[in-house]
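Quick look at protein33.cif (mmCIF, C-alpha atoms):
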```cif
data_run
#
loop_
_atom_site.label_atom_id
_atom_site.label_comp_id
_atom_site.auth_asym_id
_atom_site.auth_seq_id
_atom_site.Cartn_x
_atom_site.Cartn_y
_atom_site.Cartn_z
CA MET A 1 25.79 60.69 -10.74
CA SER A 2 22.25 61.15 -11.79
CA TYR A 3 20.72 58.66 -9.37
CA SER A 4 22.24 59.98 -6.15
CA GLN A 5 20.29 62.31 -3.99
CA PRO A 6 21.24 65.99 -3.76
CA VAL A 7 24.54 66.53 -2.02
CA ALA A 8 25.51 69.65 -0.12
CA ALA A 9 27.37 72.00 -2.42
CA GLU A 10 28.23 74.66 0.14
CA GLY A 11 28.84 74.34 3.85
CA GLY A 12 25.71 74.65 5.91
CA SER A 13 23.25 73.00 3.55
CA GLU A 14 22.00 69.58 4.47
CA PHE A 15 23.37 66.21 3.33
CA HIS A 16 20.73 63.63 2.44
CA ALA A 17 21.93 60.09 3.05
CA PRO A 18 21.17 57.73 0.17
CA GLY A 19 18.29 55.35 0.78
CA PRO A 20 15.94 53.11 -1.17
CA GLY A 21 14.90 56.25 -3.04
CA SER A 22 18.32 56.30 -4.75
CA PHE A 23 17.21 53.25 -6.73
CA GLU A 24 14.08 54.90 -8.16
CA LEU A 25 15.50 56.14 -11.44
CA PRO A 26 13.52 58.50 -13.66
CA PRO A 27 12.43 57.02 -16.99
CA ILE A 28 14.75 57.70 -19.93
CA PHE A 29 11.97 57.74 -22.52
CA GLY A 30 8.35 56.64 -22.21
CA ASP A 31 8.18 54.10 -19.40
CA VAL A 32 11.64 52.71 -20.11
CA THR A 33 14.10 53.10 -17.25
CA LYS A 34 17.85 52.57 -17.06
CA PRO A 35 17.77 49.05 -15.53
CA MET A 36 15.44 47.89 -18.32
CA LEU A 37 17.89 49.10 -20.95
CA LEU A 38 20.78 47.53 -19.06
CA LEU A 39 18.95 44.22 -18.90
CA ALA A 40 18.42 44.23 -22.66
CA LEU A 41 22.04 45.23 -23.17
CA SER A 42 23.22 42.32 -21.01
CA ALA A 43 21.47 39.84 -23.30
CA VAL A 44 23.25 41.43 -26.27
CA ILE A 45 26.60 41.32 -24.45
CA VAL A 46 26.26 37.66 -23.47
CA PHE A 47 25.11 36.64 -26.93
CA GLY A 48 27.76 38.72 -28.68
CA PHE A 49 30.62 37.49 -26.52
CA PHE A 50 29.84 33.83 -26.95
CA TYR A 51 29.04 34.26 -30.63
CA LEU A 52 32.47 35.78 -31.17
CA ALA A 53 34.12 33.20 -28.91
CA THR A 54 32.69 30.23 -30.78
CA ARG A 55 32.54 31.61 -34.32
CA ASN A 56 35.93 30.32 -35.44
CA ALA A 57 36.13 27.41 -33.02
CA SER A 58 39.28 25.42 -33.63
CA LEU A 59 41.03 22.50 -31.96
CA VAL A 60 43.71 24.78 -30.59
CA PRO A 61 41.65 27.57 -29.02
CA GLY A 62 42.49 31.22 -29.44
CA ARG A 63 42.39 33.63 -26.55
CA LEU A 64 38.69 34.48 -26.84
CA GLN A 65 37.65 30.90 -27.42
CA PHE A 66 39.67 29.84 -24.40
CA ALA A 67 37.90 32.39 -22.20
CA GLY A 68 34.48 31.29 -23.41
CA GLU A 69 35.32 27.62 -22.94
CA MET A 70 36.65 28.28 -19.46
CA ILE A 71 33.36 29.86 -18.36
CA TYR A 72 31.35 27.10 -20.01
CA GLY A 73 33.52 24.39 -18.49
CA PHE A 74 33.23 25.99 -15.07
CA VAL A 75 29.43 25.93 -15.19
CA ARG A 76 29.23 22.48 -16.76
CA ASN A 77 31.78 20.67 -14.61
CA ASN A 78 31.82 22.44 -11.29
CA MET A 79 28.15 23.19 -10.96
CA ALA A 80 26.02 21.00 -13.19
CA ARG A 81 27.96 17.72 -13.21
CA ASP A 82 29.01 17.78 -9.57
CA ASN A 83 25.53 18.52 -8.29
CA ILE A 84 23.11 16.92 -10.76
CA GLY A 85 25.05 13.75 -11.45
CA SER A 86 26.56 12.50 -14.67
CA GLU A 87 23.35 10.93 -15.97
CA HIS A 88 21.02 13.87 -16.56
CA TYR A 89 23.18 16.96 -16.18
CA MET A 90 23.54 17.86 -19.87
CA LYS A 91 19.81 18.62 -20.09
CA PHE A 92 20.19 21.43 -17.58
CA VAL A 93 23.52 22.91 -18.69
CA PRO A 94 22.00 25.37 -21.23
CA TYR A 95 19.69 26.86 -18.61
CA LEU A 96 22.36 27.04 -15.90
CA PHE A 97 24.93 28.51 -18.26
CA THR A 98 22.53 31.20 -19.46
CA LEU A 99 21.55 31.96 -15.88
CA PHE A 100 25.15 32.29 -14.73
CA THR A 101 26.37 34.55 -17.53
CA PHE A 102 23.23 36.68 -17.44
CA ILE A 103 23.46 37.31 -13.70
CA LEU A 104 27.21 37.85 -13.89
CA VAL A 105 26.94 40.57 -16.55
CA ASN A 106 24.03 42.26 -14.79
CA ASN A 107 25.88 42.28 -11.46
CA TYR A 108 29.08 43.69 -12.91
CA TYR A 109 27.17 46.70 -14.25
CA GLY A 110 27.54 47.98 -10.69
CA VAL A 111 31.27 48.68 -11.10
CA ILE A 112 31.45 49.57 -14.81
CA PRO A 113 31.94 53.35 -15.16
CA PHE A 114 28.98 55.32 -16.58
CA LEU A 115 26.62 52.33 -16.28
CA GLN A 116 27.12 51.96 -12.53
CA PHE A 117 23.83 50.37 -11.64
CA PRO A 118 23.49 46.67 -10.89
CA SER A 119 20.14 45.97 -12.51
CA PHE A 120 19.42 43.19 -10.01
CA SER A 121 19.21 45.75 -7.22
CA ARG A 122 15.60 46.09 -8.40
CA ILE A 123 13.80 43.03 -7.07
CA GLY A 124 11.35 42.80 -9.95
CA PHE A 125 14.02 41.53 -12.32
CA ILE A 126 15.01 38.65 -10.04
CA VAL A 127 11.56 37.25 -9.35
CA PRO A 128 11.16 35.70 -12.84
CA LEU A 129 14.61 34.09 -12.60
CA ALA A 130 13.82 32.54 -9.23
CA LEU A 131 10.41 31.41 -10.52
CA MET A 132 12.06 29.74 -13.50
CA SER A 133 14.48 27.86 -11.25
CA TRP A 134 11.61 26.91 -8.98
CA LEU A 135 9.45 25.58 -11.82
CA LEU A 136 12.46 23.80 -13.31
CA TYR A 137 13.42 21.81 -10.24
CA ILE A 138 9.83 20.96 -9.38
CA GLY A 139 9.27 19.97 -13.00
CA ALA A 140 12.41 17.84 -12.97
CA GLY A 141 11.25 16.11 -9.80
CA ILE A 142 7.80 15.42 -11.24
CA TRP A 143 9.39 14.15 -14.46
CA LYS A 144 11.57 11.72 -12.50
CA HIS A 145 9.28 10.58 -9.69
CA GLY A 146 5.74 11.50 -10.78
CA ALA A 147 3.72 14.18 -9.03
CA LEU A 148 2.87 12.26 -5.86
CA GLY A 149 6.22 10.52 -5.87
CA TYR A 150 8.00 13.86 -5.99
CA LEU A 151 5.89 15.26 -3.18
CA LYS A 152 6.85 12.25 -1.06
CA HIS A 153 10.49 12.53 -2.16
CA ALA A 154 10.67 16.19 -1.27
CA THR A 155 8.84 16.12 2.04
CA MET A 156 9.64 12.75 3.62
CA PRO A 157 13.27 12.31 4.65
CA SER A 158 14.21 8.69 4.13
CA GLY A 159 14.81 6.57 7.21
CA VAL A 160 12.45 8.53 9.45
CA LYS A 161 9.46 6.70 10.88
CA GLY A 162 6.72 7.25 13.40
CA PRO A 163 5.10 10.35 14.87
CA ILE A 164 8.13 12.56 14.23
CA LEU A 165 6.93 12.63 10.60
CA LEU A 166 3.98 14.77 11.71
CA LEU A 167 6.51 17.44 12.60
CA LEU A 168 8.97 16.87 9.79
CA VAL A 169 6.68 16.71 6.76
CA PRO A 170 5.24 20.24 7.11
CA LEU A 171 8.69 21.61 7.89
CA GLU A 172 10.28 19.94 4.87
CA PHE A 173 7.41 21.01 2.64
CA PHE A 174 7.80 24.57 3.85
CA SER A 175 11.56 24.71 3.44
CA ASN A 176 11.91 22.69 0.23
CA ILE A 177 8.97 23.96 -1.79
CA ILE A 178 7.76 27.30 -0.45
CA ILE A 179 10.78 29.11 0.98
CA ARG A 180 13.38 28.35 -1.70
CA PRO A 181 12.31 30.82 -4.41
CA PHE A 182 12.06 33.57 -1.78
CA THR A 183 15.57 33.01 -0.46
CA LEU A 184 16.95 32.78 -4.00
CA THR A 185 15.37 36.14 -4.83
CA LEU A 186 16.18 37.91 -1.61
CA ARG A 187 19.80 36.76 -1.48
CA LEU A 188 20.69 38.19 -4.86
CA PHE A 189 18.57 41.30 -4.35
CA GLY A 190 19.86 42.00 -0.85
CA ASN A 191 23.50 41.66 -1.80
CA MET A 192 23.22 43.88 -4.87
CA PHE A 193 21.05 46.45 -3.07
CA ALA A 194 23.20 46.68 0.06
CA GLY A 195 26.45 46.75 -1.88
CA HIS A 196 25.32 49.50 -4.21
CA LEU A 197 23.90 51.51 -1.32
CA LEU A 198 27.28 51.30 0.40
CA LEU A 199 29.06 52.53 -2.73
CA ILE A 200 26.65 55.46 -3.13
CA LEU A 201 27.06 56.32 0.54
CA PHE A 202 30.85 56.44 0.36
CA ALA A 203 30.86 58.42 -2.88
CA THR A 204 28.21 61.01 -2.03
CA GLY A 205 29.24 61.23 1.61
CA GLY A 206 32.87 61.75 0.62
CA ALA A 207 31.86 64.44 -1.86
CA ALA A 208 29.75 66.22 0.77
CA LEU A 209 32.58 66.14 3.29
CA LEU A 210 35.09 67.45 0.74
CA ALA A 211 32.74 70.26 -0.23
CA SER A 212 32.02 71.23 3.37
CA GLY A 213 34.92 73.71 3.49
CA ASN A 214 36.34 72.42 6.78
CA ILE A 215 39.88 71.05 6.35
CA LEU A 216 39.37 68.21 8.86
CA TYR A 217 36.09 67.17 7.26
CA GLY A 218 37.89 67.22 3.92
CA ALA A 219 40.49 64.79 5.25
CA VAL A 220 37.72 62.42 6.35
CA GLY A 221 36.20 62.84 2.89
CA VAL A 222 39.42 61.61 1.29
CA LEU A 223 39.36 58.65 3.69
CA SER A 224 35.76 57.99 2.64
CA PHE A 225 36.76 57.85 -1.04
CA GLY A 226 39.58 55.45 -0.16
CA LEU A 227 37.18 53.20 1.71
CA GLY A 228 34.80 53.42 -1.24
CA ILE A 229 37.53 52.05 -3.51
CA GLY A 230 38.17 49.23 -1.04
CA VAL A 231 34.47 48.41 -0.89
CA SER A 232 34.35 48.37 -4.71
CA PHE A 233 36.85 45.52 -4.73
CA LEU A 234 34.83 43.68 -2.10
CA GLU A 235 31.74 44.24 -4.26
CA MET A 236 33.45 42.74 -7.31
CA LEU A 237 34.03 39.59 -5.27
CA VAL A 238 30.44 39.57 -4.02
CA MET A 239 29.05 40.10 -7.53
CA PHE A 240 30.83 37.03 -8.83
CA LEU A 241 29.93 35.05 -5.72
CA GLN A 242 26.23 35.84 -6.03
CA ALA A 243 26.05 34.76 -9.66
CA TYR A 244 27.93 31.59 -8.69
CA VAL A 245 25.69 30.91 -5.72
CA PHE A 246 22.42 31.48 -7.59
CA THR A 247 23.47 28.98 -10.25
CA LEU A 248 24.98 26.57 -7.72
CA LEU A 249 21.79 26.54 -5.64
CA SER A 250 19.63 26.07 -8.75
CA SER A 251 21.70 23.08 -9.80
CA MET A 252 21.67 21.65 -6.26
CA TYR A 253 17.90 21.90 -6.12
CA ILE A 254 17.63 20.15 -9.48
CA GLY A 255 20.08 17.49 -8.37
CA GLU A 256 18.14 16.92 -5.16
CA ALA A 257 14.86 16.63 -7.05
CA LEU A 258 16.39 14.06 -9.40
CA ALA A 259 18.17 12.02 -6.73
CA ASP A 260 17.13 8.42 -6.17
CA GLU A 261 15.85 7.24 -2.83
CA HIS A 262 18.49 5.55 -0.80
CA MET B 263 17.81 61.24 17.98
CA GLU B 264 16.15 60.52 14.68
CA GLY B 265 16.03 57.47 12.50
CA SER B 266 14.36 54.14 12.08
CA ILE B 267 14.44 51.51 14.85
CA ASN B 268 14.55 48.96 12.01
CA LEU B 269 18.22 49.72 11.60
CA VAL B 270 18.92 48.69 15.20
CA GLY B 271 17.39 45.34 14.33
CA LEU B 272 19.54 45.24 11.22
CA GLY B 273 22.65 45.64 13.34
CA LEU B 274 21.49 42.99 15.80
CA SER B 275 20.75 40.57 13.00
CA ALA B 276 24.33 40.88 11.76
CA ILE B 277 25.68 39.26 14.95
CA GLY B 278 24.43 35.74 14.31
CA PRO B 279 25.54 35.40 10.67
CA GLY B 280 28.86 37.07 11.60
CA VAL B 281 29.61 34.39 14.16
CA GLY B 282 28.33 31.67 11.83
CA ILE B 283 30.42 32.77 8.85
CA GLY B 284 33.48 33.01 11.10
CA LEU B 285 32.95 29.44 12.27
CA ILE B 286 32.44 28.18 8.70
CA PHE B 287 35.66 29.69 7.40
CA ALA B 288 37.59 28.65 10.52
CA ALA B 289 36.56 25.08 9.82
CA PHE B 290 37.42 25.52 6.13
CA ILE B 291 40.90 26.86 6.90
CA SER B 292 41.73 24.15 9.40
CA GLY B 293 40.41 21.55 6.98
CA VAL B 294 42.65 22.84 4.19
CA ALA B 295 45.62 23.10 6.54
CA ARG B 296 45.14 19.47 7.48
CA GLN B 297 44.60 18.21 3.96
CA PRO B 298 45.58 20.76 1.28
CA GLU B 299 44.57 18.56 -1.65
CA ALA B 300 40.93 18.66 -0.52
CA GLN B 301 40.71 22.42 -1.04
CA SER B 302 38.63 22.40 -4.20
CA ARG B 303 36.04 20.10 -2.65
CA LEU B 304 35.92 22.02 0.60
CA GLN B 305 35.71 25.38 -1.13
CA SER B 306 32.31 24.88 -2.70
CA ILE B 307 30.94 23.47 0.55
CA ALA B 308 32.34 26.40 2.51
CA ILE B 309 30.89 28.94 0.09
CA LEU B 310 27.53 27.21 0.25
CA GLY B 311 27.55 27.36 4.04
CA PHE B 312 28.64 30.98 3.92
CA VAL B 313 25.76 31.86 1.64
CA LEU B 314 23.18 30.02 3.69
CA ALA B 315 24.36 31.72 6.89
CA GLU B 316 24.44 35.10 5.20
CA ALA B 317 20.86 34.71 3.96
CA LEU B 318 19.50 35.58 7.41
CA PHE B 319 21.20 38.93 7.35
CA ILE B 320 20.31 39.65 3.74
CA ILE B 321 16.65 38.99 4.39
CA THR B 322 16.87 41.50 7.22
CA VAL B 323 18.47 44.08 4.93
CA ALA B 324 15.46 43.82 2.65
CA LEU B 325 12.95 43.89 5.52
CA ALA B 326 14.66 46.81 7.27
CA PHE B 327 13.91 49.05 4.32
CA VAL B 328 10.56 47.54 3.35
CA LEU B 329 8.78 47.43 6.72
CA PRO B 330 7.28 50.75 7.88
CA LEU B 331 8.91 52.41 10.86
#
```
Would you put the structure from the file into structure tokens?
Amino acid sequence: MSYSQPVAAEGGSEFHAPGPGSFELPPIFGDVTKPMLLLALSAVIVFGFFYLATRNASLVPGRLQFAGEMIYGFVRNNMARDNIGSEHYMKFVPYLFTLFTFILVNNYYGVIPFLQFPSFSRIGFIVPLALMSWLLYIGAGIWKHGALGYLKHATMPSGVKGPILLLLVPLEFFSNIIIRPFTLTLRLFGNMFAGHLLLILFATGGAALLASGNILYGAVGVLSFGLGIGVSFLEMLVMFLQAYVFTLLSSMYIGEALADEH
Amino acid sequence: MEGSINLVGLGLSAIGPGVGIGLIFAAFISGVARQPEAQSRLQSIAILGFVLAEALFIITVALAFVLPL
């Protein structure tokens, strides 16, 4: 794999463990790197899949249409409607649906042969997504409650009175308005980064052990490849879960911003 | 011995979320065992709790590699 660091070919030479440097890919042409191309490709994949799935939409869905509708229904019913409430949720479904499918495709690049790089293991690609979610839920709150009303809604828990507010208001402001985009970004980034690092470690470490020439080391190398396969399955679960969680949290934040005082 | 002391902190920071995630899924399993029809409702809550508990560790993963030695 082109992105892994040099691995010992003969016994005696040194094995370099993969690190953050394994994610610094050389540009393919000009300043364009592999994750940039993958990101553009993911937009094409998402658009193409749902174009094909809805092109000949009929009352009795075909296989492709059924798959597309299942994903759409999952985002619309389980995330948007359950968390935003049945009054306003349709306004946010397009954004949430795009977010979910986009993140899902980009995460699954990590286990697709030959692509094998989850583009969201570079943090720069996640920051705009988190910023969009942040602006969207703050905008939704301002649209519903007005600017000052939303600030009060977000920072003052209802039913709390007296001097405890002096402590609670800064805390709520910090956690509800400042910290949220950071945790959204870091959660997706950290999971993709750590998972991919683990896969590289098992693959390159297993290869180095196999190539070491010692029969016992070779046996451990085979074990390492086996563990790598196991971790790949765990990663597939995590990749889906992270796309789900990013969208779920976005919709929960929107739902919270739109909620009425009670 | 060589290496970054950050990684010791990374290991330490895995303890808390590990315990927390265990507690969350223990509660989820006993909840489903008690009332199996509530599974779909409990599932999203459990996953949300899992993710929030895990965030502490994930933030440390990022910081362990970003902060200088």
Give me the residues near region 287-304 of chain B as a PDB file with C-alpha atoms, in the frame of the given file, where near means some atom within 12 Å (using all atoms listed in the file) and where sequence neighbours in that chain fewer than 5 positions away do not count.
```pdb
ATOM      1  CA  ASN A  78      31.820  22.440 -11.290  1.00  0.00           C
ATOM      2  CA  MET A  79      28.150  23.190 -10.960  1.00  0.00           C
ATOM      3  CA  ASP A  82      29.010  17.780  -9.570  1.00  0.00           C
TER       4      ASP A  82
ATOM      5  CA  GLY B 280      28.860  37.070  11.600  1.00  0.00           C
ATOM      6  CA  VAL B 281      29.610  34.390  14.160  1.00  0.00           C
ATOM      7  CA  GLY B 282      28.330  31.670  11.830  1.00  0.00           C
ATOM      8  CA  ILE B 309      30.890  28.940   0.090  1.00  0.00           C
ATOM      9  CA  LEU B 310      27.530  27.210   0.250  1.00  0.00           C
ATOM     10  CA  GLY B 311      27.550  27.360   4.040  1.00  0.00           C
ATOM     11  CA  PHE B 312      28.640  30.980   3.920  1.00  0.00           C
ATOM     12  CA  VAL B 313      25.760  31.860   1.640  1.00  0.00           C
ATOM     13  CA  ALA B 315      24.360  31.720   6.890  1.00  0.00           C
TER      14      ALA B 315
END
```
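Going from CA of Ala154 (chain A) over to CA of Ser306 (chain B), you cover 23.4 Å.
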- So, counting only C-alpha atoms, which residue among A:Leu186, A:Ala80, A:Ala53, A:Ile178 is closest to Thr322 (chain B)?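 Selected residue with least distance to Thr322 (chain B): A:Leu186.
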Could you give me, as a tab-separated table, a per-residue list for chain A showing, wherever an atom lies at most 8 Å from an atom of chain B, the closest pair of atoms and their distance in Å to one decimal, using all atoms listed in the file and sorting by chain then residue number from low to high?
```
residue	atom	partner	partner_atom	distance
A:Pro20	CA	B:Phe327	CA	7.1
A:Thr183	CA	B:Ala317	CA	7.1
A:Leu186	CA	B:Ile321	CA	6.1
A:Arg187	CA	B:Ala317	CA	5.9
A:Gly190	CA	B:Ile320	CA	5.2
A:Asn191	CA	B:Ile320	CA	6.7
A:Ala194	CA	B:Val323	CA	7.3
A:Val245	CA	B:Leu310	CA	7.3
```
- Item | Polymer residues at most 12 Å from (35.9, 35.1, -28.1) by only C-alpha atoms, as a ChimeraX atom specification | /A:45-58,61-71
- Query: To one decimal place, how far is CA of Met192 (chain A) from CA of Phe120 (chain A) in Å?
  - Reply: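 Result for CA of Met192 (chain A) versus CA of Phe120 (chain A): 6.4 Å, one decimal.
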- Task: Translate the PyMOL selection byres ((chain B and resi 266) around 12), as applied to the file shown, into an explicit residue set as a list of chain:residue names.
- Result: B:Met263, B:Glu264, B:Gly265, B:Ile267, B:Asn268, B:Leu269, B:Val270, B:Gly271, B:Leu272, B:Gly273, B:Ala326, B:Phe327, B:Val328, B:Leu329, B:Pro330, B:Leu331
- Message: Need the shell around Val75 (chain A): protein/DNA/RNA residues with any atom at most 8 Å away, counting all atoms listed in the file. Skip same-chain ones fewer than 6 positions apart. Format as a ChimeraX atom specification?
- Response: /A:93,96-97,100
What does region 207-217 of chain A look like written to a file with all heavy atoms, as a PDB file, in the first residue's frame?
```
ATOM      1  N   ALA A 207       2.987  -8.078   7.909  1.00  0.00           N
ATOM      2  CA  ALA A 207       3.883  -8.290   6.777  1.00  0.00           C
ATOM      3  C   ALA A 207       5.337  -8.300   7.235  1.00  0.00           C
ATOM      4  O   ALA A 207       6.142  -9.139   6.799  1.00  0.00           O
ATOM      5  CB  ALA A 207       3.663  -7.193   5.736  1.00  0.00           C
ATOM      6  N   ALA A 208       5.685  -7.390   8.164  1.00  0.00           N
ATOM      7  CA  ALA A 208       7.061  -7.334   8.654  1.00  0.00           C
ATOM      8  C   ALA A 208       7.423  -8.594   9.412  1.00  0.00           C
ATOM      9  O   ALA A 208       8.546  -9.106   9.287  1.00  0.00           O
ATOM     10  CB  ALA A 208       7.234  -6.105   9.555  1.00  0.00           C
ATOM     11  N   LEU A 209       6.475  -9.118  10.205  1.00  0.00           N
ATOM     12  CA  LEU A 209       6.759 -10.333  10.955  1.00  0.00           C
ATOM     13  C   LEU A 209       6.917 -11.530  10.022  1.00  0.00           C
ATOM     14  O   LEU A 209       7.793 -12.369  10.218  1.00  0.00           O
ATOM     15  CB  LEU A 209       5.632 -10.598  11.960  1.00  0.00           C
ATOM     16  CG  LEU A 209       5.629  -9.714  13.203  1.00  0.00           C
ATOM     17  CD1 LEU A 209       4.350  -9.880  13.971  1.00  0.00           C
ATOM     18  CD2 LEU A 209       6.804 -10.068  14.079  1.00  0.00           C
ATOM     19  N   LEU A 210       6.054 -11.595   8.989  1.00  0.00           N
ATOM     20  CA  LEU A 210       6.153 -12.706   8.043  1.00  0.00           C
ATOM     21  C   LEU A 210       7.484 -12.665   7.313  1.00  0.00           C
ATOM     22  O   LEU A 210       8.088 -13.704   7.033  1.00  0.00           O
ATOM     23  CB  LEU A 210       5.020 -12.631   7.025  1.00  0.00           C
ATOM     24  CG  LEU A 210       3.689 -13.273   7.419  1.00  0.00           C
ATOM     25  CD1 LEU A 210       2.717 -13.139   6.289  1.00  0.00           C
ATOM     26  CD2 LEU A 210       3.882 -14.724   7.793  1.00  0.00           C
ATOM     27  N   ALA A 211       7.929 -11.449   6.983  1.00  0.00           N
ATOM     28  CA  ALA A 211       9.153 -11.316   6.194  1.00  0.00           C
ATOM     29  C   ALA A 211      10.403 -11.420   7.045  1.00  0.00           C
ATOM     30  O   ALA A 211      11.512 -11.342   6.520  1.00  0.00           O
ATOM     31  CB  ALA A 211       9.143  -9.975   5.451  1.00  0.00           C
ATOM     32  N   SER A 212      10.249 -11.581   8.366  1.00  0.00           N
ATOM     33  CA  SER A 212      11.426 -11.540   9.232  1.00  0.00           C
ATOM     34  C   SER A 212      12.284 -12.792   9.097  1.00  0.00           C
ATOM     35  O   SER A 212      13.443 -12.781   9.494  1.00  0.00           O
ATOM     36  CB  SER A 212      10.984 -11.373  10.680  1.00  0.00           C
ATOM     37  OG  SER A 212      10.227 -12.504  11.064  1.00  0.00           O
ATOM     38  N   GLY A 213      11.737 -13.892   8.579  1.00  0.00           N
ATOM     39  CA  GLY A 213      12.550 -15.079   8.376  1.00  0.00           C
ATOM     40  C   GLY A 213      12.482 -16.059   9.524  1.00  0.00           C
ATOM     41  O   GLY A 213      12.741 -17.240   9.359  1.00  0.00           O
ATOM     42  N   ASN A 214      12.093 -15.604  10.707  1.00  0.00           N
ATOM     43  CA  ASN A 214      11.963 -16.486  11.870  1.00  0.00           C
ATOM     44  C   ASN A 214      10.597 -17.172  11.822  1.00  0.00           C
ATOM     45  O   ASN A 214       9.579 -16.522  11.612  1.00  0.00           O
ATOM     46  CB  ASN A 214      12.104 -15.631  13.139  1.00  0.00           C
ATOM     47  CG  ASN A 214      12.158 -16.479  14.392  1.00  0.00           C
ATOM     48  OD1 ASN A 214      11.461 -17.494  14.483  1.00  0.00           O
ATOM     49  ND2 ASN A 214      12.962 -16.077  15.337  1.00  0.00           N
ATOM     50  N   ILE A 215      10.573 -18.508  12.018  1.00  0.00           N
ATOM     51  CA  ILE A 215       9.319 -19.244  11.855  1.00  0.00           C
ATOM     52  C   ILE A 215       8.307 -18.854  12.924  1.00  0.00           C
ATOM     53  O   ILE A 215       7.096 -18.746  12.659  1.00  0.00           O
ATOM     54  CB  ILE A 215       9.602 -20.770  11.857  1.00  0.00           C
ATOM     55  CG1 ILE A 215       8.336 -21.586  11.588  1.00  0.00           C
ATOM     56  CG2 ILE A 215      10.192 -21.226  13.171  1.00  0.00           C
ATOM     57  CD1 ILE A 215       8.088 -21.777  10.145  1.00  0.00           C
ATOM     58  N   LEU A 216       8.770 -18.582  14.155  1.00  0.00           N
ATOM     59  CA  LEU A 216       7.842 -18.210  15.227  1.00  0.00           C
ATOM     60  C   LEU A 216       7.269 -16.822  14.983  1.00  0.00           C
ATOM     61  O   LEU A 216       6.074 -16.583  15.169  1.00  0.00           O
ATOM     62  CB  LEU A 216       8.561 -18.261  16.575  1.00  0.00           C
ATOM     63  CG  LEU A 216       8.921 -19.668  17.037  1.00  0.00           C
ATOM     64  CD1 LEU A 216       9.723 -19.616  18.317  1.00  0.00           C
ATOM     65  CD2 LEU A 216       7.672 -20.495  17.236  1.00  0.00           C
ATOM     66  N   TYR A 217       8.131 -15.896  14.547  1.00  0.00           N
ATOM     67  CA  TYR A 217       7.641 -14.560  14.200  1.00  0.00           C
ATOM     68  C   TYR A 217       6.602 -14.659  13.090  1.00  0.00           C
ATOM     69  O   TYR A 217       5.603 -13.943  13.078  1.00  0.00           O
ATOM     70  CB  TYR A 217       8.792 -13.662  13.745  1.00  0.00           C
ATOM     71  CG  TYR A 217       9.680 -13.169  14.849  1.00  0.00           C
ATOM     72  CD1 TYR A 217      10.772 -12.363  14.569  1.00  0.00           C
ATOM     73  CD2 TYR A 217       9.416 -13.493  16.175  1.00  0.00           C
ATOM     74  CE1 TYR A 217      11.595 -11.902  15.571  1.00  0.00           C
ATOM     75  CE2 TYR A 217      10.239 -13.043  17.185  1.00  0.00           C
ATOM     76  CZ  TYR A 217      11.325 -12.259  16.879  1.00  0.00           C
ATOM     77  OH  TYR A 217      12.133 -11.802  17.861  1.00  0.00           O
TER      78      TYR A 217
END
```
